[in-house]
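Data block for model.cif (mmCIF, C-alpha atoms (C1' of nucleotides)):
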```
data_start
#
loop_
_atom_site.label_atom_id
_atom_site.label_comp_id
_atom_site.auth_asym_id
_atom_site.auth_seq_id
_atom_site.Cartn_x
_atom_site.Cartn_y
_atom_site.Cartn_z
CA MET A 1 47.13 35.01 -23.65
CA GLU A 2 45.33 32.61 -21.35
CA SER A 3 43.89 35.36 -19.23
CA GLU A 4 40.87 35.81 -21.53
CA LEU A 5 40.04 32.17 -21.02
CA PHE A 6 40.30 32.32 -17.23
CA ASP A 7 38.26 35.52 -17.06
CA PHE A 8 35.59 33.77 -19.07
CA ILE A 9 35.66 30.67 -16.87
CA ALA A 10 35.49 32.81 -13.74
CA GLY A 11 31.99 33.80 -14.84
CA TYR A 12 30.95 30.22 -14.15
CA MET A 13 33.38 29.17 -11.44
CA PRO A 14 36.55 30.92 -10.23
CA LEU A 15 39.59 28.67 -10.55
CA THR A 16 42.51 28.36 -8.12
CA GLU A 17 46.05 28.88 -9.36
CA PRO A 18 46.88 25.14 -9.31
CA GLU A 19 43.75 24.45 -11.29
CA LYS A 20 44.71 27.02 -13.89
CA GLN A 21 48.16 25.47 -14.00
CA VAL A 22 46.65 22.09 -14.89
CA ILE A 23 45.10 23.56 -17.99
CA VAL A 24 48.23 25.43 -19.02
CA ASP A 25 50.46 22.40 -18.39
CA MET A 26 48.39 20.16 -20.57
CA ALA A 27 49.30 22.41 -23.47
CA LEU A 28 45.80 22.47 -24.82
CA PHE A 29 46.32 25.80 -26.54
CA LYS A 30 46.85 25.60 -30.25
CA ARG A 31 47.50 28.15 -32.98
CA VAL A 32 45.64 27.44 -36.19
CA ASP A 33 46.20 29.11 -39.55
CA LYS A 34 43.46 30.68 -41.61
CA GLY A 35 42.03 28.16 -44.04
CA THR A 36 42.79 25.12 -41.91
CA PHE A 37 40.01 22.54 -41.71
CA LEU A 38 39.32 21.20 -38.23
CA VAL A 39 36.82 18.68 -39.58
CA ARG A 40 35.63 17.75 -43.06
CA GLU A 41 32.40 16.06 -44.07
CA GLY A 42 32.60 12.31 -43.54
CA GLU A 43 35.48 12.53 -41.08
CA LEU A 44 35.37 11.59 -37.45
CA SER A 45 36.16 14.28 -34.91
CA ASN A 46 37.16 13.84 -31.30
CA ALA A 47 37.78 17.40 -30.18
CA TYR A 48 35.95 20.29 -28.56
CA TYR A 49 37.04 23.83 -29.40
CA PHE A 50 37.10 27.04 -27.42
CA VAL A 51 38.00 30.14 -29.39
CA VAL A 52 40.42 32.37 -27.47
CA ARG A 53 41.11 34.57 -30.47
CA GLY A 54 40.08 34.29 -34.12
CA CYS A 55 37.08 32.87 -35.91
CA LEU A 56 35.77 29.46 -36.92
CA ARG A 57 33.01 28.77 -39.44
CA THR A 58 30.81 25.71 -39.83
CA TYR A 59 29.16 24.91 -43.13
CA TYR A 60 27.41 22.13 -45.01
CA MET A 61 27.85 21.24 -48.69
CA ILE A 62 24.37 20.98 -50.20
CA ASP A 63 23.93 20.65 -53.97
CA GLY A 64 27.48 21.88 -54.46
CA GLU A 65 26.85 25.00 -52.41
CA GLU A 66 28.33 26.00 -49.09
CA LYS A 67 25.63 26.61 -46.49
CA THR A 68 27.17 28.46 -43.59
CA THR A 69 25.32 27.98 -40.33
CA ALA A 70 27.55 29.36 -37.57
CA PHE A 71 30.54 31.51 -36.70
CA TYR A 72 32.47 31.00 -33.51
CA THR A 73 34.51 33.96 -32.32
CA GLU A 74 36.21 35.12 -29.13
CA LEU A 75 35.04 33.25 -26.02
CA GLN A 76 32.71 30.95 -27.92
CA ASN A 77 32.59 27.25 -27.64
CA LEU A 78 32.11 24.61 -30.28
CA ALA A 79 31.18 21.01 -29.52
CA PRO A 80 30.72 19.40 -32.95
CA LEU A 81 27.86 16.91 -33.21
CA SER A 82 30.38 14.53 -34.72
CA THR A 83 32.51 14.64 -31.56
CA VAL A 84 29.54 14.27 -29.23
CA ASN A 85 27.95 11.41 -31.19
CA LYS A 86 31.13 9.73 -32.39
CA THR A 87 29.62 9.64 -35.88
CA PRO A 88 31.07 10.92 -39.18
CA SER A 89 30.65 14.67 -39.55
CA ASP A 90 28.00 16.03 -41.90
CA GLN A 91 29.59 19.47 -41.87
CA TYR A 92 32.90 21.24 -42.39
CA ILE A 93 34.60 23.31 -39.73
CA VAL A 94 37.15 25.75 -41.06
CA CYS A 95 39.33 28.45 -39.61
CA VAL A 96 38.36 31.86 -41.02
CA GLU A 97 41.27 33.79 -39.48
CA ASP A 98 44.56 32.84 -37.86
CA SER A 99 43.23 31.74 -34.48
CA LEU A 100 44.18 30.70 -31.00
CA LEU A 101 42.11 27.80 -29.78
CA LEU A 102 41.80 25.71 -26.68
CA VAL A 103 41.45 22.21 -28.04
CA SER A 104 40.25 19.47 -25.76
CA THR A 105 39.82 15.90 -26.91
CA LEU A 106 37.83 13.16 -25.22
CA ASP A 107 41.14 11.79 -23.89
CA THR A 108 42.54 14.99 -22.44
CA GLU A 109 39.12 15.81 -21.03
CA GLN A 110 39.15 12.56 -19.08
CA LEU A 111 42.64 13.34 -17.74
CA VAL A 112 41.59 16.82 -16.66
CA PHE A 113 38.49 15.48 -14.93
CA GLU A 114 40.69 13.10 -12.89
CA ARG A 115 43.27 15.69 -11.89
CA PHE A 116 40.68 18.34 -11.29
CA PRO A 117 37.17 17.04 -10.59
CA ARG A 118 35.49 20.43 -10.47
CA PHE A 119 36.20 20.70 -14.18
CA GLU A 120 33.36 18.31 -14.90
CA THR A 121 30.95 20.55 -13.00
CA LEU A 122 32.30 23.48 -14.99
CA CYS A 123 31.68 21.63 -18.26
CA ARG A 124 28.18 20.70 -17.18
CA LEU A 125 27.29 24.27 -16.26
CA LEU A 126 28.77 25.52 -19.50
CA SER A 127 26.82 23.02 -21.60
CA GLU A 128 23.57 23.78 -19.82
CA ASN A 129 24.13 27.46 -20.41
CA LEU A 130 25.04 27.12 -24.05
CA LEU A 131 22.05 24.86 -24.63
CA ALA A 132 19.60 27.33 -23.14
CA GLN A 133 21.22 30.20 -25.04
CA ASN A 134 21.16 28.28 -28.29
CA GLN A 135 17.49 27.49 -27.80
CA ALA A 136 16.79 31.17 -27.14
CA SER A 137 18.62 32.16 -30.34
CA PHE A 138 16.66 29.58 -32.27
CA ASP A 139 13.42 30.94 -30.81
CA GLN A 140 14.35 34.46 -31.81
CA PHE A 141 15.30 33.35 -35.30
CA LYS A 142 11.88 31.75 -35.81
CA ASN A 143 10.09 34.88 -34.67
CA SER A 144 11.84 37.39 -36.85
CA SER A 145 12.03 38.35 -40.49
CA PRO A 146 15.27 38.29 -42.48
CA GLU A 147 15.53 42.05 -42.08
CA GLN A 148 15.05 41.86 -38.32
CA ARG A 149 17.66 39.10 -38.13
CA TYR A 150 20.10 41.25 -40.09
CA LEU A 151 19.50 44.23 -37.82
CA ARG A 152 19.95 42.12 -34.73
CA LEU A 153 23.22 40.71 -36.03
CA LEU A 154 24.38 44.24 -36.76
CA ASP A 155 23.57 45.02 -33.15
CA THR A 156 24.95 41.96 -31.39
CA ARG A 157 27.95 40.98 -33.53
CA PRO A 158 28.88 43.98 -35.67
CA ASP A 159 32.45 42.66 -35.95
CA LEU A 160 31.24 39.77 -38.12
CA MET A 161 30.35 42.22 -40.90
CA GLN A 162 34.02 43.08 -41.27
CA ARG A 163 35.47 39.64 -40.65
CA VAL A 164 33.37 37.53 -42.95
CA PRO A 165 32.21 37.69 -46.61
CA LEU A 166 28.60 38.76 -46.94
CA HIS A 167 27.43 35.73 -48.90
CA GLN A 168 28.45 33.56 -45.95
CA LEU A 169 26.59 35.86 -43.60
CA ALA A 170 23.55 35.55 -45.86
CA SER A 171 23.27 31.82 -45.43
CA TYR A 172 23.98 32.27 -41.72
CA LEU A 173 20.88 34.51 -41.70
CA GLY A 174 18.93 31.87 -43.60
CA ILE A 175 18.65 33.86 -46.86
CA LYS A 176 20.35 34.19 -50.27
CA ALA A 177 23.21 36.60 -50.92
CA GLU A 178 21.05 38.69 -53.27
CA SER A 179 18.42 39.14 -50.58
CA LEU A 180 20.99 40.27 -48.05
CA SER A 181 22.25 42.78 -50.58
CA ARG A 182 18.74 44.17 -51.04
CA ILE A 183 18.09 44.24 -47.29
CA ARG A 184 21.23 46.27 -46.75
CA ARG A 185 20.09 48.78 -49.36
CA ARG A 186 16.60 48.98 -47.84
CA VAL A 187 18.00 49.56 -44.37
CA GLN A 188 20.38 52.26 -45.56
CA GLN A 189 17.57 54.08 -47.37
CA LYS A 190 15.39 54.01 -44.26
CA ALA A 191 18.26 55.35 -42.16
CA ARG A 192 18.82 58.22 -44.56
CA THR A 193 15.31 59.64 -44.16
CA MET B 1 5.79 4.16 -15.41
CA GLU B 2 9.44 4.99 -14.69
CA SER B 3 10.73 2.37 -17.08
CA GLU B 4 10.56 4.73 -20.06
CA LEU B 5 12.84 7.09 -18.18
CA PHE B 6 15.40 4.44 -17.30
CA ASP B 7 15.42 3.02 -20.81
CA PHE B 8 16.14 6.51 -22.05
CA ILE B 9 18.93 7.07 -19.52
CA ALA B 10 20.47 3.69 -20.37
CA GLY B 11 21.27 5.12 -23.78
CA TYR B 12 23.76 7.41 -22.07
CA MET B 13 24.76 5.38 -19.02
CA PRO B 14 23.17 2.22 -17.59
CA LEU B 15 22.10 2.74 -13.98
CA THR B 16 22.34 0.22 -11.14
CA GLU B 17 19.24 -0.69 -9.16
CA PRO B 18 20.26 1.37 -6.11
CA GLU B 19 20.87 4.34 -8.36
CA LYS B 20 17.43 4.00 -9.91
CA GLN B 21 16.01 3.75 -6.41
CA VAL B 22 17.52 7.11 -5.49
CA ILE B 23 15.56 8.77 -8.25
CA VAL B 24 12.31 7.01 -7.40
CA ASP B 25 12.69 7.71 -3.67
CA MET B 26 13.16 11.40 -4.20
CA ALA B 27 9.65 11.47 -5.63
CA LEU B 28 10.62 13.72 -8.48
CA PHE B 29 7.76 12.47 -10.63
CA LYS B 30 4.85 14.83 -10.95
CA ARG B 31 1.49 14.69 -12.70
CA VAL B 32 0.49 17.97 -14.30
CA ASP B 33 -2.92 18.87 -15.72
CA LYS B 34 -3.49 20.26 -19.17
CA GLY B 35 -3.45 24.03 -19.12
CA THR B 36 -1.12 24.34 -16.13
CA PHE B 37 1.62 26.94 -16.46
CA LEU B 38 5.06 25.81 -15.35
CA VAL B 39 6.49 29.28 -15.84
CA ARG B 40 5.02 32.61 -16.87
CA GLU B 41 6.77 35.62 -18.34
CA GLY B 42 8.51 37.65 -15.65
CA GLU B 43 8.58 34.78 -13.15
CA LEU B 44 11.65 33.05 -11.83
CA SER B 45 11.98 29.34 -12.43
CA ASN B 46 14.19 26.90 -10.63
CA ALA B 47 13.26 23.59 -12.24
CA TYR B 48 14.34 21.35 -15.08
CA TYR B 49 11.72 19.18 -16.76
CA PHE B 50 11.86 15.76 -18.36
CA VAL B 51 8.69 14.69 -20.15
CA VAL B 52 7.83 11.05 -19.41
CA ARG B 53 4.40 11.31 -20.98
CA GLY B 54 2.44 14.26 -22.34
CA CYS B 55 3.41 17.51 -24.00
CA LEU B 56 4.78 20.90 -22.99
CA ARG B 57 4.79 24.05 -25.09
CA THR B 58 6.95 27.15 -24.82
CA TYR B 59 5.82 30.47 -26.23
CA TYR B 60 6.52 34.17 -26.12
CA MET B 61 3.97 36.99 -26.04
CA ILE B 62 4.95 39.48 -28.73
CA ASP B 63 2.61 42.33 -29.66
CA GLY B 64 -0.23 40.49 -27.97
CA GLU B 65 0.38 37.34 -30.01
CA GLU B 66 1.54 33.95 -28.85
CA LYS B 67 4.69 32.90 -30.65
CA THR B 68 5.21 29.20 -30.08
CA THR B 69 8.81 28.08 -30.39
CA ALA B 70 9.00 24.53 -29.07
CA PHE B 71 7.09 21.42 -28.09
CA TYR B 72 8.51 18.93 -25.63
CA THR B 73 7.03 15.45 -25.80
CA GLU B 74 7.93 11.95 -24.60
CA LEU B 75 11.60 11.57 -23.59
CA GLN B 76 12.44 15.19 -24.22
CA ASN B 77 14.17 17.49 -21.84
CA LEU B 78 13.57 21.13 -21.07
CA ALA B 79 16.05 23.34 -19.25
CA PRO B 80 14.47 26.81 -19.28
CA LEU B 81 16.87 29.69 -19.81
CA SER B 82 15.29 31.27 -16.77
CA THR B 83 16.33 28.32 -14.60
CA VAL B 84 19.84 28.19 -16.01
CA ASN B 85 20.44 31.93 -15.74
CA LYS B 86 18.41 32.60 -12.58
CA THR B 87 16.79 35.51 -14.42
CA PRO B 88 13.07 36.28 -14.92
CA SER B 89 11.58 34.23 -17.73
CA ASP B 90 10.86 35.89 -21.05
CA GLN B 91 8.62 33.03 -22.11
CA TYR B 92 5.66 30.95 -20.96
CA ILE B 93 5.81 27.20 -20.48
CA VAL B 94 2.44 25.51 -20.48
CA CYS B 95 1.20 21.96 -20.31
CA VAL B 96 -0.62 21.04 -23.54
CA GLU B 97 -1.92 17.65 -22.34
CA ASP B 98 -2.22 15.97 -18.96
CA SER B 99 1.41 14.98 -18.49
CA LEU B 100 3.79 13.00 -16.35
CA LEU B 101 7.01 14.90 -15.72
CA LEU B 102 10.26 14.34 -13.92
CA VAL B 103 10.86 17.66 -12.20
CA SER B 104 14.26 18.42 -10.82
CA THR B 105 15.08 21.66 -9.06
CA LEU B 106 18.49 23.11 -8.38
CA ASP B 107 18.15 21.85 -4.78
CA THR B 108 17.14 18.28 -5.52
CA GLU B 109 19.76 18.14 -8.23
CA GLN B 110 22.44 18.96 -5.68
CA LEU B 111 21.15 16.25 -3.36
CA VAL B 112 21.15 13.67 -6.14
CA PHE B 113 24.68 14.60 -7.16
CA GLU B 114 25.83 13.97 -3.59
CA ARG B 115 24.10 10.64 -3.16
CA PHE B 116 24.96 9.52 -6.62
CA PRO B 117 27.96 11.29 -8.19
CA ARG B 118 27.68 9.64 -11.59
CA PHE B 119 24.48 11.61 -12.05
CA GLU B 120 26.49 14.74 -12.72
CA THR B 121 28.37 12.97 -15.52
CA LEU B 122 25.02 11.84 -16.88
CA CYS B 123 23.72 15.39 -16.84
CA ARG B 124 26.85 16.65 -18.55
CA LEU B 125 26.63 14.06 -21.32
CA LEU B 126 22.94 14.79 -21.76
CA SER B 127 23.50 18.55 -22.01
CA GLU B 128 26.34 18.15 -24.47
CA ASN B 129 24.18 15.90 -26.60
CA LEU B 130 21.14 18.14 -26.51
CA LEU B 131 23.29 21.16 -27.35
CA ALA B 132 24.80 19.52 -30.41
CA GLN B 133 21.38 18.26 -31.52
CA ASN B 134 19.81 21.66 -31.02
CA GLN B 135 22.54 23.28 -33.06
CA ALA B 136 22.00 20.71 -35.82
CA SER B 137 18.25 21.41 -35.83
CA PHE B 138 18.94 25.12 -36.01
CA ASP B 139 21.32 24.54 -38.94
CA GLN B 140 18.69 22.51 -40.76
CA PHE B 141 16.05 25.15 -40.11
CA LYS B 142 18.21 27.84 -41.69
CA ASN B 143 18.85 25.74 -44.76
CA SER B 144 15.30 24.81 -45.59
CA SER B 145 12.14 26.46 -46.88
CA PRO B 146 8.91 26.57 -44.89
CA GLU B 147 7.56 23.74 -47.04
CA GLN B 148 10.63 21.59 -46.42
CA ARG B 149 10.37 22.27 -42.71
CA TYR B 150 6.72 21.23 -42.73
CA LEU B 151 7.53 18.01 -44.60
CA ARG B 152 10.34 17.21 -42.22
CA LEU B 153 8.10 17.74 -39.23
CA LEU B 154 5.53 15.46 -40.82
CA ASP B 155 8.30 12.90 -41.12
CA THR B 156 9.97 13.23 -37.73
CA ARG B 157 7.11 14.16 -35.39
CA PRO B 158 3.84 13.23 -37.12
CA ASP B 159 2.14 12.93 -33.73
CA LEU B 160 2.39 16.72 -33.23
CA MET B 161 -0.08 17.26 -36.09
CA GLN B 162 -2.76 15.55 -34.04
CA ARG B 163 -1.78 16.83 -30.64
CA VAL B 164 -1.45 20.52 -31.31
CA PRO B 165 -3.49 23.25 -33.06
CA LEU B 166 -2.10 24.18 -36.46
CA HIS B 167 -1.63 27.86 -35.77
CA GLN B 168 0.75 26.93 -32.96
CA LEU B 169 2.61 24.59 -35.30
CA ALA B 170 2.85 27.43 -37.82
CA SER B 171 4.76 29.69 -35.51
CA TYR B 172 6.88 26.71 -34.47
CA LEU B 173 7.77 26.40 -38.17
CA GLY B 174 8.54 30.10 -38.30
CA ILE B 175 5.58 31.04 -40.51
CA LYS B 176 2.03 32.40 -40.24
CA ALA B 177 -1.01 30.16 -39.89
CA GLU B 178 -2.30 31.18 -43.35
CA SER B 179 0.96 30.11 -44.94
CA LEU B 180 0.84 26.73 -43.24
CA SER B 181 -2.68 26.28 -44.53
CA ARG B 182 -1.52 27.01 -48.08
CA ILE B 183 1.49 24.72 -47.74
CA ARG B 184 -0.74 21.86 -46.65
CA ARG B 185 -2.97 22.36 -49.67
CA ARG B 186 0.02 22.55 -52.02
CA VAL B 187 1.49 19.37 -50.59
CA GLN B 188 -1.79 17.50 -50.87
CA GLN B 189 -2.23 18.56 -54.50
CA LYS B 190 1.26 17.38 -55.38
CA ALA B 191 0.61 14.06 -53.66
CA ARG B 192 -2.60 13.55 -55.63
CA THR B 193 -0.92 13.65 -59.04
"C1'" DT C 1 51.05 42.71 -65.15
"C1'" DC C 2 47.46 40.03 -66.56
"C1'" DA C 3 43.96 36.31 -66.14
"C1'" DG C 4 40.98 34.21 -63.32
"C1'" DT C 5 38.61 34.02 -59.23
"C1'" DT C 6 35.68 35.60 -55.70
"C1'" DC C 7 32.64 38.94 -54.01
"C1'" DC C 8 28.99 42.17 -54.27
"C1'" DT C 9 25.36 44.47 -56.55
"C1'" DT C 10 21.55 45.23 -59.77
"C1'" DG C 11 17.48 44.28 -62.70
"C1'" DA C 12 13.61 41.59 -64.37
"C1'" DC C 13 10.81 38.06 -63.32
"C1'" DT C 14 8.61 34.25 -60.46
"C1'" DA C 15 7.08 32.19 -56.43
"C1'" DA C 16 5.82 32.32 -51.91
"C1'" DA C 17 4.94 34.40 -47.49
"C1'" DG C 18 2.71 38.36 -44.98
"C1'" DT C 19 -1.53 41.08 -44.34
"C1'" DT C 20 -6.23 41.90 -43.95
"C1'" DA C 21 -10.75 40.38 -43.85
"C1'" DG C 22 -14.19 37.21 -43.46
"C1'" DG C 23 -16.67 33.00 -42.61
"C1'" DA C 24 -17.71 28.19 -41.30
"C1'" DA C 25 -17.04 24.21 -38.40
"C1'" DA C 26 -15.74 22.38 -33.88
"C1'" DA C 27 -15.05 22.68 -29.04
"C1'" DG C 28 -15.85 24.54 -24.58
"C1'" DC C 29 -19.07 26.54 -21.30
"C1'" DG C 30 -22.95 28.51 -19.12
"C1'" DC D 1 -29.15 23.31 -25.31
"C1'" DG D 2 -27.70 27.98 -27.34
"C1'" DC D 3 -23.86 30.96 -27.00
"C1'" DT D 4 -19.07 32.18 -27.30
"C1'" DT D 5 -14.47 31.16 -28.39
"C1'" DT D 6 -11.24 28.68 -30.75
"C1'" DT D 7 -9.68 26.62 -34.72
"C1'" DC D 8 -9.16 26.29 -39.48
"C1'" DC D 9 -9.70 27.66 -44.11
"C1'" DT D 10 -10.24 30.85 -48.08
"C1'" DA D 11 -9.66 34.94 -50.98
"C1'" DA D 12 -7.59 39.31 -52.65
"C1'" DC D 13 -3.84 42.03 -52.32
"C1'" DT D 14 0.97 43.57 -50.86
"C1'" DT D 15 5.52 42.71 -49.81
"C1'" DT D 16 9.57 40.24 -49.98
"C1'" DA D 17 12.54 36.44 -50.96
"C1'" DG D 18 14.14 33.20 -54.68
"C1'" DT D 19 15.91 32.70 -59.39
"C1'" DC D 20 18.40 33.80 -63.43
"C1'" DA D 21 21.43 36.68 -65.80
"C1'" DA D 22 24.85 40.08 -66.02
"C1'" DG D 23 28.47 43.28 -64.87
"C1'" DG D 24 31.90 45.64 -62.14
"C1'" DA D 25 35.17 45.77 -58.22
"C1'" DA D 26 38.47 43.61 -55.43
"C1'" DC D 27 41.52 40.19 -54.62
"C1'" DT D 28 44.81 36.20 -55.96
"C1'" DG D 29 48.35 33.85 -58.01
"C1'" DA D 30 51.34 32.85 -61.88
#
```
Written as structure tokens, how would this file's structure read?
Amino acid sequence: MESELFDFIAGYMPLTEPEKQVIVDMALFKRVDKGTFLVREGELSNAYYFVVRGCLRTYYMIDGEEKTTAFYTELQNLAPLSTVNKTPSDQYIVCVEDSLLLVSTLDTEQLVFERFPRFETLCRLLSENLLAQNQASFDQFKNSSPEQRYLRLLDTRPDLMQRVPLHQLASYLGIKAESLSRIRRRVQQKART
Amino acid sequence: MESELFDFIAGYMPLTEPEKQVIVDMALFKRVDKGTFLVREGELSNAYYFVVRGCLRTYYMIDGEEKTTAFYTELQNLAPLSTVNKTPSDQYIVCVEDSLLLVSTLDTEQLVFERFPRFETLCRLLSENLLAQNQASFDQFKNSSPEQRYLRLLDTRPDLMQRVPLHQLASYLGIKAESLSRIRRRVQQKART
DNA sequence: TCAGTTCCTTGACTAAAGTTAGGAAAAGCG
DNA sequence: CGCTTTTCCTAACTTTAGTCAAGGAACTGA
């Protein structure tokens, strides 16, 4: 169960057995049911999430409509702006499937850093990486059409198509549900020729 | 000259005089002329940049066209994916104006961390913050039309309009130069009524 | 089982961005 | 200074996304 996590971490920095034990002992793993809200708009949040198994979704409520902006699945990390800034959240974070999460709060983080100083270096490297990756995704998004974005998603995260309703994927791709529907038809027709 | 930097850092963590001195002594400040490339496509990069004064631009060459994706101005931070990943860069980073930068390489960073351990915490906090902010910008980008994005840019970074050619701003906004031209006309007409 | 959602698609229409082409003003350079 | 390049705008046309309306399929809960 934890092995996925430690394999992932090893990509940044291999951990010793005692170090792994620190994480396990702190009982940071948490099972969360589908439909559970981790944060709602207006609430304060003090946790960071690492998805071991399952799927989280972030969305905003704008003019009574849900605007989905991200999905976090296996081995992805979510540091809500609300947690980082200690300000009320402007978005919702909800559990899309029954999930297994590593939940670390500002408090537990501090404890881990004391017992295991290298963990701060690990967190720094991870943040730097995620920042650069996020910027690269943003860059790619700007330079591609809705259809190209759909095709890329199909290529990089095909699982999402099965796991998530299409109208949520549409707003994730920055378009309306009707447009996504038409894009899918267009793409299928091209493939058939 | 360095005071802008230290004022900025104080927002995360006030530094002591000796700590400030470490940074100044390491002579990490660098003047860079307009037109200078910090990284080209295919090159390796091993530096992080903090803009004290001036402006940097990142762009990709796609089908012989420059696709600008970001501008870094006063008090903004740039950690190129190439530096983070130690892989050849897929983008260009160029100096748009004569600029004053704080340049930190992987080597100098290590030295600073040793002489001044709190610096690593500072870097972690900064990365976490920038990541959450970048994600929020990305979210907003997805949920707004080209016109809304233009108006927001006008609101949040009006200086860019003067500092940078419009066709570069267009691709930064994820649209073509012709579209930006039309949007500007539309907006002006609305304002005139 | 049935009623009420939610989800997905389609069609007709509108609005806006992409494409292509051209031209004028401004800036850079010999 | 003239020349070239860059920058910016315009226009006509094409393509595609947004909007509004509707209907059917799939799922949900009493």
| request: Taking all atoms listed in the file into account, report as a PyMOL selection string which residues of chain A lie within 10 Å of chain C. | output: chain A and resi 165-167+177-178+181-182+185
| message | Which residues would end up in the selection if the PyMOL selection byres ((chain D) within 12 of (chain A)) were applied here, given that I need the answer as a VMD selection string? | response | chain D and resid 16 to 20
| request: Output the contact residues of chain B with respect to chain A at a cut-off of 6 Å, based on all atoms listed in the file, as a PyMOL selection string. | output: chain B and resi 69+81+124+127-128+131-132+139+142+174
| task | On this file, the PyMOL selection byres ((chain A and resi 92-103) around 6) gives some set of residues; write that set as a list in words. | result |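 Applying the expression gives Leu28, Phe29, Lys30, Arg31, Val32, Asp33, Lys34, Gly35, Thr36, Phe37, Leu38, Val39, Arg40, Glu41, Tyr48, Tyr49, Phe50, Val51, Val52, Arg53, Gly54, Cys55, Leu56, Arg57, Thr58, Tyr59, Gln91 and Ser104 of chain A.
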| message | I'd like to know which of A:Phe8, A:Ser3, A:Val187, A:Asn46 is closest to Val24 of chain A, using only C-alpha atoms. | response | A:Ser3
| note | The distance between atom CA of Arg186 of chain B and atom CA of Arg157 of chain B is 19.9 Å
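Here atom CA of Pro158 of chain A and atom CA of Asn77 of chain A stand 18.9 Å from one another.
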On this structure, the PyMOL selection byres ((chain B and resi 19) around 12) would catch which residues? List them as a CSV table (one decimal) with C-alpha atoms, in the coordinates of the input, sorted by chain and number.
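Okay, this is what ended up in out.csv:
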```csv
chain,number,residue,atom,x,y,z
B,6,PHE,CA,15.4,4.4,-17.3
B,9,ILE,CA,18.9,7.1,-19.5
B,13,MET,CA,24.8,5.4,-19.0
B,14,PRO,CA,23.2,2.2,-17.6
B,15,LEU,CA,22.1,2.7,-14.0
B,16,THR,CA,22.3,0.2,-11.1
B,17,GLU,CA,19.2,-0.7,-9.2
B,18,PRO,CA,20.3,1.4,-6.1
B,20,LYS,CA,17.4,4.0,-9.9
B,21,GLN,CA,16.0,3.8,-6.4
B,22,VAL,CA,17.5,7.1,-5.5
B,23,ILE,CA,15.6,8.8,-8.2
B,24,VAL,CA,12.3,7.0,-7.4
B,25,ASP,CA,12.7,7.7,-3.7
B,26,MET,CA,13.2,11.4,-4.2
B,112,VAL,CA,21.2,13.7,-6.1
B,113,PHE,CA,24.7,14.6,-7.2
B,114,GLU,CA,25.8,14.0,-3.6
B,115,ARG,CA,24.1,10.6,-3.2
B,116,PHE,CA,25.0,9.5,-6.6
B,117,PRO,CA,28.0,11.3,-8.2
B,118,ARG,CA,27.7,9.6,-11.6
B,119,PHE,CA,24.5,11.6,-12.0
```
Kindly output segment 174-185 of chain A as a PDB file, keeping the file's coordinate frame, after building N, CA and C atoms.
```pdb
ATOM      1  N   GLY A 174      19.995  32.692 -43.020  1.00  0.00           N
ATOM      2  CA  GLY A 174      18.930  31.870 -43.600  1.00  0.00           C
ATOM      3  C   GLY A 174      18.363  32.440 -44.886  1.00  0.00           C
ATOM      4  N   ILE A 175      19.122  33.274 -45.602  1.00  0.00           N
ATOM      5  CA  ILE A 175      18.650  33.860 -46.860  1.00  0.00           C
ATOM      6  C   ILE A 175      19.731  33.757 -47.942  1.00  0.00           C
ATOM      7  N   LYS A 176      19.395  34.198 -49.169  1.00  0.00           N
ATOM      8  CA  LYS A 176      20.350  34.190 -50.270  1.00  0.00           C
ATOM      9  C   LYS A 176      21.164  35.475 -50.240  1.00  0.00           C
ATOM     10  N   ALA A 177      22.320  35.432 -50.895  1.00  0.00           N
ATOM     11  CA  ALA A 177      23.210  36.600 -50.920  1.00  0.00           C
ATOM     12  C   ALA A 177      22.520  37.802 -51.548  1.00  0.00           C
ATOM     13  N   GLU A 178      21.738  37.577 -52.608  1.00  0.00           N
ATOM     14  CA  GLU A 178      21.050  38.690 -53.270  1.00  0.00           C
ATOM     15  C   GLU A 178      20.071  39.367 -52.325  1.00  0.00           C
ATOM     16  N   SER A 179      19.385  38.565 -51.522  1.00  0.00           N
ATOM     17  CA  SER A 179      18.420  39.140 -50.580  1.00  0.00           C
ATOM     18  C   SER A 179      19.132  39.985 -49.534  1.00  0.00           C
ATOM     19  N   LEU A 180      20.246  39.500 -49.055  1.00  0.00           N
ATOM     20  CA  LEU A 180      20.990  40.270 -48.050  1.00  0.00           C
ATOM     21  C   LEU A 180      21.413  41.605 -48.649  1.00  0.00           C
ATOM     22  N   SER A 181      21.832  41.562 -49.897  1.00  0.00           N
ATOM     23  CA  SER A 181      22.250  42.780 -50.580  1.00  0.00           C
ATOM     24  C   SER A 181      21.087  43.783 -50.631  1.00  0.00           C
ATOM     25  N   ARG A 182      19.923  43.296 -50.965  1.00  0.00           N
ATOM     26  CA  ARG A 182      18.740  44.170 -51.040  1.00  0.00           C
ATOM     27  C   ARG A 182      18.348  44.679 -49.657  1.00  0.00           C
ATOM     28  N   ILE A 183      18.439  43.816 -48.650  1.00  0.00           N
ATOM     29  CA  ILE A 183      18.090  44.240 -47.290  1.00  0.00           C
ATOM     30  C   ILE A 183      19.003  45.369 -46.837  1.00  0.00           C
ATOM     31  N   ARG A 184      20.291  45.231 -47.138  1.00  0.00           N
ATOM     32  CA  ARG A 184      21.230  46.270 -46.750  1.00  0.00           C
ATOM     33  C   ARG A 184      20.861  47.611 -47.397  1.00  0.00           C
ATOM     34  N   ARG A 185      20.477  47.555 -48.670  1.00  0.00           N
ATOM     35  CA  ARG A 185      20.090  48.780 -49.360  1.00  0.00           C
ATOM     36  C   ARG A 185      18.837  49.382 -48.717  1.00  0.00           C
TER      37      ARG A 185
END
```
